[in-house]
>>> print(open('start09.txt').read())   # compact mmCIF, C-alpha atoms and all ligand atoms
# COMPACT_ATOMS: atom_id res chain seq x y z
CA MET M 1 11.92 18.43 -26.68
CA GLU M 2 8.79 17.82 -24.59
CA LEU M 3 8.79 14.51 -22.76
CA PRO M 4 5.83 13.52 -20.57
CA LEU M 5 6.27 11.01 -17.74
CA LEU M 6 3.82 8.71 -19.52
CA ASP M 7 2.39 8.98 -23.05
CA LEU M 8 -0.89 7.05 -23.18
CA LYS M 9 -1.82 8.60 -26.53
CA ALA M 10 1.23 6.98 -28.11
CA GLN M 11 0.12 3.62 -26.73
CA TYR M 12 -3.46 4.12 -27.89
CA GLU M 13 -2.30 4.78 -31.46
CA THR M 14 -0.87 1.25 -31.60
CA ILE M 15 -4.13 -0.47 -30.52
CA ARG M 16 -6.83 1.96 -31.62
CA GLU M 17 -8.76 -0.42 -33.87
CA GLU M 18 -8.75 -3.36 -31.47
CA ILE M 19 -9.95 -1.09 -28.65
CA GLN M 20 -12.72 0.39 -30.75
CA GLU M 21 -13.90 -3.06 -31.74
CA ALA M 22 -13.98 -4.16 -28.09
CA VAL M 23 -15.84 -1.06 -26.96
CA LEU M 24 -18.41 -1.44 -29.77
CA ARG M 25 -18.93 -5.07 -28.71
CA VAL M 26 -19.92 -3.88 -25.23
CA CYS M 27 -22.13 -1.13 -26.70
CA ALA M 28 -23.95 -3.73 -28.78
CA SER M 29 -24.47 -5.97 -25.75
CA GLN M 30 -25.62 -3.15 -23.44
CA ARG M 31 -24.20 -5.19 -20.55
CA PHE M 32 -22.24 -2.71 -18.49
CA ILE M 33 -21.65 -4.17 -15.05
CA LEU M 34 -19.67 -7.41 -14.51
CA GLY M 35 -21.01 -9.87 -17.14
CA PRO M 36 -19.17 -12.00 -19.69
CA GLU M 37 -16.35 -9.51 -20.43
CA VAL M 38 -15.40 -9.39 -16.75
CA ALA M 39 -15.64 -13.18 -16.43
CA ALA M 40 -13.39 -13.61 -19.48
CA LEU M 41 -10.85 -11.12 -18.13
CA GLU M 42 -10.85 -12.94 -14.79
CA GLU M 43 -10.03 -16.21 -16.53
CA GLU M 44 -7.26 -14.60 -18.56
CA VAL M 45 -5.70 -12.96 -15.50
CA ALA M 46 -5.87 -16.21 -13.53
CA ALA M 47 -4.16 -18.03 -16.41
CA CYS M 48 -1.35 -15.53 -16.83
CA THR M 49 -0.59 -15.16 -13.10
CA GLY M 50 -0.97 -18.85 -12.33
CA ALA M 51 -3.60 -18.18 -9.65
CA ARG M 52 -6.64 -20.46 -9.39
CA PHE M 53 -9.13 -17.60 -8.99
CA ALA M 54 -9.34 -13.97 -10.08
CA VAL M 55 -12.09 -11.54 -9.09
CA GLY M 56 -12.50 -8.24 -10.94
CA VAL M 57 -13.20 -5.25 -8.71
CA SER M 58 -13.70 -1.50 -8.98
CA SER M 59 -10.13 -0.35 -8.23
CA GLY M 60 -6.82 -1.35 -6.70
CA THR M 61 -7.90 0.32 -3.48
CA ASP M 62 -11.09 -1.74 -3.40
CA ALA M 63 -9.09 -4.90 -4.18
CA LEU M 64 -7.08 -4.25 -1.00
CA LEU M 65 -10.15 -3.26 1.00
CA ALA M 66 -12.17 -6.31 -0.06
CA SER M 67 -9.17 -8.56 0.68
CA LEU M 68 -8.86 -7.28 4.24
CA MET M 69 -12.66 -7.52 4.66
CA ALA M 70 -12.58 -11.11 3.42
CA LEU M 71 -10.05 -11.86 6.17
CA ASP M 72 -12.29 -10.11 8.75
CA VAL M 73 -9.72 -7.47 9.62
CA GLY M 74 -11.18 -4.86 11.96
CA ARG M 75 -10.91 -3.01 15.26
CA GLY M 76 -8.09 -4.21 17.50
CA ASP M 77 -6.17 -5.81 14.65
CA GLU M 78 -2.77 -4.78 13.36
CA VAL M 79 -1.68 -4.90 9.74
CA ILE M 80 2.03 -4.50 9.01
CA THR M 81 2.89 -2.59 5.86
CA THR M 82 5.62 -0.40 4.43
CA ALA M 83 6.07 3.26 5.34
CA TYR M 84 6.89 4.00 1.70
CA SER M 85 4.01 3.44 -0.72
CA PHE M 86 0.98 5.01 -2.31
CA PHE M 87 -1.54 6.03 0.36
CA ALA M 88 -4.08 3.28 -0.41
CA SER M 89 -1.86 0.56 1.10
CA ALA M 90 -2.34 2.10 4.55
CA GLY M 91 -5.68 3.86 4.00
CA VAL M 92 -7.62 0.60 3.63
CA ILE M 93 -6.26 -0.67 6.95
CA ALA M 94 -7.34 2.46 8.80
CA ARG M 95 -10.78 2.50 7.11
CA LEU M 96 -11.54 -0.87 8.67
CA GLY M 97 -10.63 0.41 12.14
CA ALA M 98 -7.44 -1.66 12.23
CA ARG M 99 -4.02 -0.21 13.02
CA PRO M 100 -1.42 0.25 10.28
CA VAL M 101 1.95 -0.81 11.71
CA PHE M 102 4.67 0.62 9.49
CA VAL M 103 8.12 -0.77 8.83
CA ASP M 104 11.11 0.78 7.08
CA ILE M 105 12.33 -0.14 3.59
CA ASP M 106 15.42 -1.77 2.18
CA PRO M 107 17.11 1.22 0.46
CA ASP M 108 18.31 -0.95 -2.43
CA THR M 109 14.82 -2.05 -3.48
CA PHE M 110 12.41 0.54 -1.99
CA ASN M 111 10.46 -2.49 -0.66
CA MET M 112 9.69 -3.37 2.97
CA ASP M 113 12.59 -4.76 5.01
CA PRO M 114 11.64 -8.39 5.83
CA ASP M 115 13.61 -8.43 9.11
CA ALA M 116 11.75 -5.33 10.26
CA VAL M 117 8.47 -7.14 9.57
CA VAL M 118 9.49 -10.12 11.68
CA ALA M 119 10.49 -7.76 14.51
CA ARG M 120 7.06 -6.08 14.49
CA LEU M 121 4.89 -9.22 14.47
CA SER M 122 2.69 -9.17 17.58
CA PRO M 123 -0.23 -11.22 18.92
CA ARG M 124 -2.51 -8.60 17.34
CA THR M 125 -0.98 -8.90 13.84
CA ARG M 126 -3.61 -10.28 11.46
CA VAL M 127 -2.08 -9.49 8.08
CA VAL M 128 1.25 -8.50 6.56
CA MET M 129 0.83 -6.37 3.45
CA PRO M 130 3.99 -6.13 1.34
CA VAL M 131 3.93 -3.72 -1.61
CA HIS M 132 5.80 -4.61 -4.80
CA LEU M 133 6.82 -1.04 -5.42
CA PHE M 134 7.56 0.41 -8.87
CA GLY M 135 7.30 -3.03 -10.56
CA ARG M 136 9.83 -4.98 -8.49
CA CYS M 137 8.76 -7.88 -6.29
CA ALA M 138 9.32 -7.52 -2.56
CA ASP M 139 11.36 -10.28 -0.95
CA LEU M 140 8.65 -12.52 0.53
CA ASP M 141 10.41 -15.68 1.73
CA THR M 142 11.26 -14.48 5.25
CA ILE M 143 7.87 -12.79 5.60
CA LEU M 144 5.90 -15.85 4.43
CA GLU M 145 7.72 -18.15 6.79
CA ALA M 146 7.31 -15.92 9.85
CA ALA M 147 3.67 -15.19 8.97
CA ALA M 148 2.80 -18.85 8.47
CA GLU M 149 4.28 -19.77 11.87
CA ARG M 150 1.84 -17.37 13.52
CA GLY M 151 -1.20 -17.90 11.32
CA VAL M 152 -0.88 -14.40 9.84
CA ALA M 153 -2.10 -13.89 6.25
CA VAL M 154 0.00 -12.17 3.58
CA VAL M 155 -1.92 -9.82 1.26
CA GLU M 156 0.23 -8.54 -1.60
CA ASP M 157 -0.26 -5.03 -2.90
CA ALA M 158 0.80 -5.74 -6.48
CA ALA M 159 -0.94 -2.60 -7.83
CA GLN M 160 2.26 -1.48 -9.61
CA SER M 161 3.53 -4.91 -10.54
CA PHE M 162 1.18 -6.78 -12.85
CA GLY M 163 3.34 -9.31 -14.72
CA ALA M 164 6.38 -9.03 -12.44
CA VAL M 165 8.07 -12.22 -11.22
CA ASP M 166 10.29 -12.80 -8.20
CA SER M 167 13.67 -14.53 -8.06
CA ARG M 168 11.94 -17.93 -7.93
CA GLY M 169 9.75 -17.20 -10.94
CA ARG M 170 6.54 -16.66 -8.97
CA SER M 171 4.12 -14.02 -10.27
CA ALA M 172 3.56 -10.90 -8.19
CA GLY M 173 0.23 -11.30 -6.42
CA ALA M 174 0.18 -15.10 -6.64
CA VAL M 175 2.41 -15.80 -3.62
CA GLY M 176 0.45 -14.67 -0.55
CA ALA M 177 -3.10 -15.61 0.47
CA LEU M 178 -4.46 -12.80 -1.73
CA GLY M 179 -2.88 -10.56 -4.35
CA CYS M 180 -4.25 -7.18 -5.44
CA PHE M 181 -3.87 -5.36 -8.77
CA SER M 182 -4.86 -1.88 -9.90
CA PHE M 183 -5.83 -1.02 -13.45
CA TYR M 184 -5.59 2.73 -12.92
CA PRO M 185 -4.57 4.18 -16.31
CA SER M 186 -0.96 4.86 -15.30
CA LYS M 187 -0.32 1.27 -14.18
CA ASN M 188 1.40 -1.11 -16.63
CA LEU M 189 -1.97 -2.71 -17.40
CA GLY M 190 -4.22 0.34 -17.35
CA ALA M 191 -7.94 0.63 -18.05
CA PHE M 192 -9.84 3.61 -19.47
CA GLY M 193 -10.96 4.46 -15.96
CA ASP M 194 -10.76 2.71 -12.60
CA GLY M 195 -10.47 -1.04 -12.13
CA GLY M 196 -8.76 -3.71 -10.06
CA MET M 197 -8.46 -7.44 -9.46
CA VAL M 198 -7.92 -9.83 -6.57
CA ILE M 199 -6.22 -13.17 -7.20
CA THR M 200 -6.03 -16.17 -4.87
CA ASP M 201 -5.66 -19.94 -4.80
CA ASP M 202 -8.13 -20.19 -1.91
CA GLU M 203 -11.61 -21.03 -3.13
CA ALA M 204 -13.36 -19.89 0.06
CA LEU M 205 -11.60 -16.50 -0.05
CA ALA M 206 -12.44 -16.09 -3.73
CA ARG M 207 -16.09 -16.77 -2.96
CA ARG M 208 -16.04 -14.22 -0.13
CA ILE M 209 -14.53 -11.52 -2.36
CA ARG M 210 -17.20 -12.24 -4.99
CA LEU M 211 -19.87 -11.80 -2.32
CA LEU M 212 -18.32 -8.66 -0.82
CA ARG M 213 -18.15 -7.18 -4.34
CA VAL M 214 -21.98 -7.12 -4.55
CA HIS M 215 -22.92 -6.00 -1.03
CA GLY M 216 -22.70 -9.58 0.22
CA GLU M 217 -25.83 -10.38 -1.75
CA GLU M 218 -26.84 -14.02 -2.35
CA PRO M 219 -29.48 -14.71 -3.53
CA LYS M 220 -30.87 -11.43 -4.82
CA TYR M 221 -31.93 -9.02 -2.06
CA HIS M 222 -30.66 -11.36 0.64
CA HIS M 223 -27.39 -10.22 2.22
CA ARG M 224 -25.02 -12.63 3.93
CA LEU M 225 -22.28 -10.07 4.54
CA VAL M 226 -21.97 -6.30 4.62
CA GLY M 227 -19.85 -5.68 1.55
CA GLY M 228 -19.76 -2.81 -0.89
CA ASN M 229 -20.15 -1.91 -4.52
CA PHE M 230 -16.78 -3.22 -5.69
CA ARG M 231 -17.92 -4.19 -9.20
CA LEU M 232 -15.82 -3.89 -12.34
CA ASP M 233 -17.38 -2.44 -15.53
CA SER M 234 -17.70 -4.47 -18.72
CA LEU M 235 -16.18 -1.62 -20.75
CA GLN M 236 -13.08 -1.61 -18.58
CA ALA M 237 -12.80 -5.39 -18.82
CA ALA M 238 -13.12 -5.29 -22.62
CA VAL M 239 -10.36 -2.66 -22.88
CA LEU M 240 -8.15 -4.58 -20.43
CA ARG M 241 -8.56 -7.80 -22.42
CA VAL M 242 -7.16 -6.05 -25.49
CA LYS M 243 -4.31 -4.53 -23.53
CA LEU M 244 -3.44 -7.77 -21.74
CA LYS M 245 -2.49 -9.29 -25.11
CA HIS M 246 0.07 -6.53 -25.63
CA LEU M 247 1.42 -6.41 -22.09
CA GLY M 248 4.37 -8.74 -22.71
CA GLY M 249 5.67 -6.52 -25.52
CA TRP M 250 5.20 -3.38 -23.45
CA VAL M 251 7.08 -4.88 -20.51
CA GLU M 252 9.92 -5.81 -22.89
CA GLY M 253 9.95 -2.17 -24.04
CA ARG M 254 10.19 -0.94 -20.46
CA ARG M 255 13.06 -3.36 -19.76
CA ARG M 256 14.90 -2.24 -22.90
CA ASN M 257 14.46 1.38 -21.78
CA ALA M 258 15.82 0.51 -18.33
CA ARG M 259 18.90 -0.99 -20.02
CA ARG M 260 19.34 2.16 -22.10
CA TYR M 261 19.17 4.40 -19.02
CA ARG M 262 21.81 2.20 -17.39
CA GLU M 263 24.10 2.56 -20.41
CA LEU M 264 23.56 6.32 -20.44
CA LEU M 265 23.96 6.91 -16.71
CA GLU M 266 26.10 4.12 -15.29
CA ALA M 267 29.39 5.88 -15.97
CA VAL M 268 28.39 9.08 -14.17
CA ALA M 269 26.38 7.44 -11.42
CA PRO M 270 28.93 6.54 -8.72
CA GLU M 271 31.01 9.72 -8.76
CA ASN M 272 27.85 11.85 -8.55
CA ARG M 273 26.16 9.64 -5.94
CA LEU M 274 23.42 8.87 -8.44
CA VAL M 275 21.79 5.52 -7.66
CA LEU M 276 20.06 3.55 -10.42
CA PRO M 277 17.49 0.83 -9.71
CA GLY M 278 19.03 -2.63 -9.28
CA ASP M 279 19.08 -4.79 -12.40
CA TYR M 280 16.44 -7.29 -11.20
CA PRO M 281 15.31 -9.72 -13.95
CA GLY M 282 11.59 -9.91 -13.08
CA HIS M 283 11.20 -6.12 -12.77
CA VAL M 284 8.42 -4.62 -14.91
CA TYR M 285 9.45 -0.97 -14.40
CA ASN M 286 6.09 0.63 -13.81
CA GLN M 287 8.46 3.36 -12.68
CA PHE M 288 12.20 3.83 -13.22
CA VAL M 289 13.20 5.53 -9.99
CA ILE M 290 16.67 6.91 -9.50
CA ARG M 291 18.06 8.47 -6.36
CA ALA M 292 19.95 11.70 -6.66
CA PRO M 293 21.54 14.21 -4.34
CA GLU M 294 20.01 17.63 -4.92
CA ARG M 295 16.96 15.86 -6.31
CA ASP M 296 14.76 18.97 -6.35
CA ARG M 297 17.33 20.97 -8.27
CA LEU M 298 17.78 18.13 -10.76
CA ARG M 299 14.00 17.92 -11.19
CA ALA M 300 13.71 21.66 -11.90
CA PHE M 301 16.67 21.45 -14.30
CA LEU M 302 15.00 18.66 -16.29
CA ASP M 303 11.61 20.36 -16.17
CA LYS M 304 13.11 23.49 -17.73
CA ARG M 305 14.36 21.28 -20.58
CA GLY M 306 10.95 19.71 -21.15
CA VAL M 307 11.53 16.44 -19.30
CA ALA M 308 8.69 15.57 -16.91
CA THR M 309 9.58 13.61 -13.78
CA GLU M 310 7.69 12.70 -10.62
CA ILE M 311 8.44 12.17 -6.96
CA TYR M 312 7.12 8.88 -5.62
CA TYR M 313 6.61 9.68 -2.76
CA PRO M 314 7.46 13.02 -1.16
CA LEU M 315 6.03 12.17 2.29
CA PRO M 316 6.21 8.67 3.83
CA LEU M 317 2.99 7.21 5.21
CA HIS M 318 3.91 7.49 8.90
CA GLN M 319 4.30 11.26 8.46
CA GLN M 320 0.91 11.82 6.84
CA GLU M 321 -1.35 14.21 8.73
CA CYS M 322 -4.22 11.73 8.88
CA PHE M 323 -2.01 9.20 10.71
CA GLN M 324 -0.73 11.58 13.37
CA SER M 325 -2.77 9.84 16.05
CA LEU M 326 -0.70 6.68 15.45
CA GLY M 327 2.17 8.41 17.26
CA TYR M 328 4.97 8.08 14.70
CA ARG M 329 7.58 10.78 14.38
CA ALA M 330 10.08 12.02 11.81
CA GLY M 331 13.18 9.85 12.14
CA ASP M 332 11.25 6.64 12.88
CA PHE M 333 11.95 5.20 9.41
CA PRO M 334 15.17 6.79 8.18
CA GLU M 335 15.38 4.82 4.92
CA ALA M 336 11.82 5.69 3.86
CA GLU M 337 12.47 9.32 4.77
CA ALA M 338 15.75 9.37 2.83
CA ALA M 339 13.99 7.85 -0.20
CA ALA M 340 11.30 10.54 0.00
CA ARG M 341 14.06 13.18 -0.16
CA SER M 342 16.08 11.65 -3.00
CA SER M 343 13.89 9.58 -5.35
CA LEU M 344 12.97 10.73 -8.84
CA ALA M 345 10.97 8.82 -11.47
CA LEU M 346 12.11 9.27 -15.08
CA PRO M 347 9.94 8.61 -18.17
CA ILE M 348 10.17 4.85 -18.94
CA TYR M 349 7.04 4.15 -21.01
CA PRO M 350 7.56 1.61 -23.82
CA GLU M 351 7.05 4.04 -26.71
CA LEU M 352 9.97 6.22 -25.56
CA THR M 353 12.59 6.36 -28.33
CA ALA M 354 16.36 5.95 -28.02
CA ALA M 355 16.79 9.59 -29.08
CA GLN M 356 14.42 10.78 -26.37
CA GLN M 357 16.28 8.79 -23.73
CA GLN M 358 19.58 10.10 -25.01
CA TYR M 359 18.18 13.59 -24.46
CA VAL M 360 17.25 12.77 -20.86
CA GLY M 361 20.63 11.12 -20.23
CA THR M 362 22.58 14.02 -21.73
CA HIS M 363 20.84 16.55 -19.53
CA ILE M 364 21.24 14.49 -16.37
CA ARG M 365 24.96 14.20 -17.14
CA ARG M 366 25.13 17.91 -17.87
CA PHE M 367 23.48 18.65 -14.52
CA PHE M 368 26.28 16.79 -12.82
CA GLY M 369 28.85 18.60 -14.96
CA SER M 370 30.01 15.68 -17.08
C1 LIG R 401 -2.25 2.58 -7.60
C2 LIG R 401 -1.99 1.95 -6.30
C3 LIG R 401 -3.02 1.53 -5.44
C4 LIG R 401 -4.46 1.87 -5.64
O1 LIG R 401 -4.99 1.58 -6.87
P1 LIG R 401 -6.27 2.40 -7.42
O2 LIG R 401 -6.69 1.56 -8.57
O3 LIG R 401 -5.80 3.76 -7.79
O4 LIG R 401 -7.29 2.42 -6.34
C5 LIG R 401 -2.68 0.82 -4.29
N1 LIG R 401 -1.40 0.59 -3.98
C6 LIG R 401 -0.39 0.99 -4.75
C7 LIG R 401 1.01 0.66 -4.35
C8 LIG R 401 -0.64 1.70 -5.92
O5 LIG R 401 0.38 2.13 -6.67
>>> encode(input="start09.txt", output="structure tokens", more="lines below")
Ligand SMILES: *Cc1c(COP(=O)(O)O)cnc(C)c1O
Amino acid sequence: MELPLLDLKAQYETIREEIQEAVLRVCASQRFILGPEVAALEEEVAACTGARFAVGVSSGTDALLASLMALDVGRGDEVITTAYSFFASAGVIARLGARPVFVDIDPDTFNMDPDAVVARLSPRTRVVMPVHLFGRCADLDTILEAAAERGVAVVEDAAQSFGAVDSRGRSAGAVGALGCFSFYPSKNLGAFGDGGMVITDDEALARRIRLLRVHGEEPKYHHRLVGGNFRLDSLQAAVLRVKLKHLGGWVEGRRRNARRYRELLEAVAPENRLVLPGDYPGHVYNQFVIRAPERDRLRAFLDKRGVATEIYYPLPLHQQECFQSLGYRAGDFPEAEAAARSSLALPIYPELTAAQQQYVGTHIRRFFGS
């Protein structure tokens, strides 16, 4: 059996005609940049997240970058974020000349430890950037309270968590001052290329992001701010509008698959020190990440049997070569470093069948000799 980590062709088969119709609509209009498709997608995303404003941008990275630019983050400022995430979370901070201040994670959730954030708040802290990793909301209550006391903004990196809700029913991205999504094809809501979105309830911030998106231009050829080209394509928006209608069903599929993995692996988990992701109701399982001793051997064992897996992430952010000048060392964030050594993402895409999951479960059990 050959099992990829994600099977986008299987998903496309289920929506082929709707997608083709949407793409042809854009072809007929010959409007490629921003335009009515993007405006419609923005309205739909605002409605489904409960945010007042949504601004389509060129990628998840640019959503984060534009958000920090809108808050005037720059040289001399500190932004607190997690040591365990995709590179973009920290890269955007450094690109603006600000200092990424890393904190360790809660090993049970892979998300930033709120108490560690409070401990690292300083007079230079301008923003706290939690990441809702793998589709599970980070715990924001403590962070929001401490940040508000000091006038620090919270910018949520919800790139992996479109549609997720926290324990109080709030949508990922709609809790802090600004929330950022990525529509990279492997995300739960994925475009046919790059795309992203910023959501906010703050009208002034929404206006600033809209300006920054077009080089700060208003009116034409007059520039109020130095922004960038952060525009979203009409074709991407048209594809995303089709996919957004199916997202609820796909998330249900991912949750069902998470339940199946639990049934298959729960019995062998404790004795083999296998850790399954916590059963969190608002989780959207962009990734189903287990922790296993001898992770690399397990990965090779599964690979040999046709099961693709991935390591998110093999090297924490504070240990990246490009951040060496920040002065962090191995051992600074033991939980992030332990996660980098033990985490393994299994296929969880909605089209995965029960038989395919059984196959994965059987071989994981066999690896552990049960
Ligand atoms: C994917 C991702 C991003 C960046 O999104 P792009 O659309 O690829 O630029 C940022 N943060 C996290 C946590 C991500 O997973």
>>> axis_aligned_box(input="start09.txt", around="ligand LIG 401 (chain R)", padding_each_side="6 Å", output="AutoDock Vina command-line options")
--center_x -3.1 --center_y 2.2 --center_z -6.3 --size_x 20.3 --size_y 15.2 --size_z 16.6
>>> residues_near_ligand(input="start09.txt", ligand="ligand LIG 401 (chain R)", cutoff="10 Å", atoms="all atoms listed in the file", output="NGL selection string")
:M and (57-65 or 82 or 84-92 or 130-135 or 156-161 or 180-187 or 190-191 or 193-197 or 286 or 312)
>>> write_last_selection(input="start09.txt", atoms="C-alpha atoms", output="mmCIF file, in the coordinates of the input")
data_model
loop_
_atom_site.group_PDB
_atom_site.id
_atom_site.type_symbol
_atom_site.label_atom_id
_atom_site.label_comp_id
_atom_site.auth_asym_id
_atom_site.auth_seq_id
_atom_site.Cartn_x
_atom_site.Cartn_y
_atom_site.Cartn_z
ATOM 1 C CA VAL M 57 -13.200 -5.250 -8.710
ATOM 2 C CA SER M 58 -13.700 -1.500 -8.980
ATOM 3 C CA SER M 59 -10.130 -0.350 -8.230
ATOM 4 C CA GLY M 60 -6.820 -1.350 -6.700
ATOM 5 C CA THR M 61 -7.900 0.320 -3.480
ATOM 6 C CA ASP M 62 -11.090 -1.740 -3.400
ATOM 7 C CA ALA M 63 -9.090 -4.900 -4.180
ATOM 8 C CA LEU M 64 -7.080 -4.250 -1.000
ATOM 9 C CA LEU M 65 -10.150 -3.260 1.000
ATOM 10 C CA THR M 82 5.620 -0.400 4.430
ATOM 11 C CA TYR M 84 6.890 4.000 1.700
ATOM 12 C CA SER M 85 4.010 3.440 -0.720
ATOM 13 C CA PHE M 86 0.980 5.010 -2.310
ATOM 14 C CA PHE M 87 -1.540 6.030 0.360
ATOM 15 C CA ALA M 88 -4.080 3.280 -0.410
ATOM 16 C CA SER M 89 -1.860 0.560 1.100
ATOM 17 C CA ALA M 90 -2.340 2.100 4.550
ATOM 18 C CA GLY M 91 -5.680 3.860 4.000
ATOM 19 C CA VAL M 92 -7.620 0.600 3.630
ATOM 20 C CA PRO M 130 3.990 -6.130 1.340
ATOM 21 C CA VAL M 131 3.930 -3.720 -1.610
ATOM 22 C CA HIS M 132 5.800 -4.610 -4.800
ATOM 23 C CA LEU M 133 6.820 -1.040 -5.420
ATOM 24 C CA PHE M 134 7.560 0.410 -8.870
ATOM 25 C CA GLY M 135 7.300 -3.030 -10.560
ATOM 26 C CA GLU M 156 0.230 -8.540 -1.600
ATOM 27 C CA ASP M 157 -0.260 -5.030 -2.900
ATOM 28 C CA ALA M 158 0.800 -5.740 -6.480
ATOM 29 C CA ALA M 159 -0.940 -2.600 -7.830
ATOM 30 C CA GLN M 160 2.260 -1.480 -9.610
ATOM 31 C CA SER M 161 3.530 -4.910 -10.540
ATOM 32 C CA CYS M 180 -4.250 -7.180 -5.440
ATOM 33 C CA PHE M 181 -3.870 -5.360 -8.770
ATOM 34 C CA SER M 182 -4.860 -1.880 -9.900
ATOM 35 C CA PHE M 183 -5.830 -1.020 -13.450
ATOM 36 C CA TYR M 184 -5.590 2.730 -12.920
ATOM 37 C CA PRO M 185 -4.570 4.180 -16.310
ATOM 38 C CA SER M 186 -0.960 4.860 -15.300
ATOM 39 C CA LYS M 187 -0.320 1.270 -14.180
ATOM 40 C CA GLY M 190 -4.220 0.340 -17.350
ATOM 41 C CA ALA M 191 -7.940 0.630 -18.050
ATOM 42 C CA GLY M 193 -10.960 4.460 -15.960
ATOM 43 C CA ASP M 194 -10.760 2.710 -12.600
ATOM 44 C CA GLY M 195 -10.470 -1.040 -12.130
ATOM 45 C CA GLY M 196 -8.760 -3.710 -10.060
ATOM 46 C CA MET M 197 -8.460 -7.440 -9.460
ATOM 47 C CA ASN M 286 6.090 0.630 -13.810
ATOM 48 C CA TYR M 312 7.120 8.880 -5.620
#
>>> closest_residue(input="start09.txt", among="M:Val198, M:Met129, M:Ala237, M:Ala147", to="Val26 of chain M", atoms="all atoms listed in the file")
M:Ala237
>>> atom_distance(input="start09.txt", atom1="atom CA of Val79 of chain M", atom2="atom CA of Leu121 of chain M")
9.2 Å
>>> residues_around(input="start09.txt", residues="segment 245-255 of chain M", least_positions_apart="5", cutoff="8 Å", atoms="all atoms listed in the file", output="list in words")
Asn188, Leu189, His283, Val284, Tyr285, Asn286, Ile348, Tyr349, Pro350 and Glu351 of chain M
>>> atom_distance(input="start09.txt", atom1="atom CA of Ser342 of chain M", atom2="atom CA of Asp106 of chain M")
14.4 Å
>>> atom_distance(input="start09.txt", atom1="atom CA of Gly151 of chain M", atom2="atom CA of Phe53 of chain M")
21.8 Å
>>> closest_residue(input="start09.txt", among="M:Gly56, M:Arg365, M:Pro281, M:Asp202", to="Glu266 of chain M", atoms="all atoms listed in the file")
M:Arg365
>>> residues_near_point(input="start09.txt", point="(20.7, 5.7, -21.3)", cutoff="12 Å", atoms="only C-alpha atoms", output="ChimeraX atom specification")
/M:255-269,276,288,346-348,352-365
>>> closest_residue(input="start09.txt", among="M:Ala336, M:Asp279, M:Glu21, M:Ala345", to="Asn111 of chain M", atoms="all atoms listed in the file")
M:Ala336
>>> closest_atom_pairs(input="start09.txt", of="segment 39-98 of chain M", to="segment 210-221 of chain M", cutoff="8 Å", atoms="all atoms listed in the file", output="CSV")
residue,atom,partner,partner_atom,distance
M:Val55,CA,M:Arg210,CA,6.6
M:Val57,CA,M:Arg213,CA,6.9
M:Ala66,CA,M:Leu212,CA,6.6
M:Met69,CA,M:Leu212,CA,8.0
M:Ala70,CA,M:Leu212,CA,7.5
>>> residues_around(input="start09.txt", residues="Ala83 of chain M", least_positions_apart="3", cutoff="7 Å", atoms="only C-alpha atoms", output="PyMOL selection string")
chain M and resi 102-104+316-318+336
>>> closest_atom_pairs(input="start09.txt", of="segment 118-215 of chain M", to="segment 36-52 of chain M", cutoff="7 Å", atoms="only C-alpha atoms", output="JSON lines")
{"residue": "M:Ser171", "atom": "CA", "partner": "M:Thr49", "partner_atom": "CA", "distance": 5.6}
{"residue": "M:Ala174", "atom": "CA", "partner": "M:Ala51", "partner_atom": "CA", "distance": 5.7}
{"residue": "M:Ile199", "atom": "CA", "partner": "M:Ala51", "partner_atom": "CA", "distance": 6.2}
{"residue": "M:Thr200", "atom": "CA", "partner": "M:Ala51", "partner_atom": "CA", "distance": 5.7}
{"residue": "M:Asp201", "atom": "CA", "partner": "M:Arg52", "partner_atom": "CA", "distance": 4.7}
>>> closest_residue(input="start09.txt", among="M:Ala116, M:Leu315, M:Leu344, M:Leu5", to="Arg299 of chain M", atoms="only C-alpha atoms")
M:Leu344
>>> closest_residue(input="start09.txt", among="M:Leu178, M:Ala146, M:Ile290, M:Cys137", to="Arg120 of chain M", atoms="all atoms listed in the file")
M:Ala146
>>> closest_residue(input="start09.txt", among="M:Gly74, M:Gly227, M:Pro107, M:Gly35", to="Gly278 of chain M", atoms="only C-alpha atoms")
M:Pro107
>>> residues_around(input="start09.txt", residues="Ser343 of chain M", least_positions_apart="6", cutoff="8 Å", atoms="all atoms listed in the file", output="MDAnalysis selection string")
chainID M and resid 289:292 295 311:313
>>> decode(input="start09.txt", residues="segment 315-320 of chain M", atoms="N, CA and C atoms", output="JSON list (two decimals), in the first residue's frame")
[["chain", "number", "residue", "atom", "x", "y", "z"],
["M", 315, "LEU", "N", 14.22, 20.92, 13.70],
["M", 315, "LEU", "CA", 15.14, 21.84, 14.39],
["M", 315, "LEU", "C", 14.34, 23.05, 14.89],
["M", 316, "PRO", "N", 14.28, 23.24, 16.22],
["M", 316, "PRO", "CA", 13.53, 24.39, 16.76],
["M", 316, "PRO", "C", 14.12, 25.72, 16.26],
["M", 317, "LEU", "N", 13.32, 26.76, 16.35],
["M", 317, "LEU", "CA", 13.71, 28.05, 15.76],
["M", 317, "LEU", "C", 14.96, 28.64, 16.40],
["M", 318, "HIS", "N", 15.10, 28.48, 17.73],
["M", 318, "HIS", "CA", 16.26, 29.11, 18.39],
["M", 318, "HIS", "C", 17.57, 28.46, 18.00],
["M", 319, "GLN", "N", 17.50, 27.28, 17.36],
["M", 319, "GLN", "CA", 18.72, 26.59, 16.94],
["M", 319, "GLN", "C", 19.00, 26.75, 15.46],
["M", 320, "GLN", "N", 18.20, 27.57, 14.77],
["M", 320, "GLN", "CA", 18.43, 27.77, 13.34],
["M", 320, "GLN", "C", 19.69, 28.61, 13.13]]
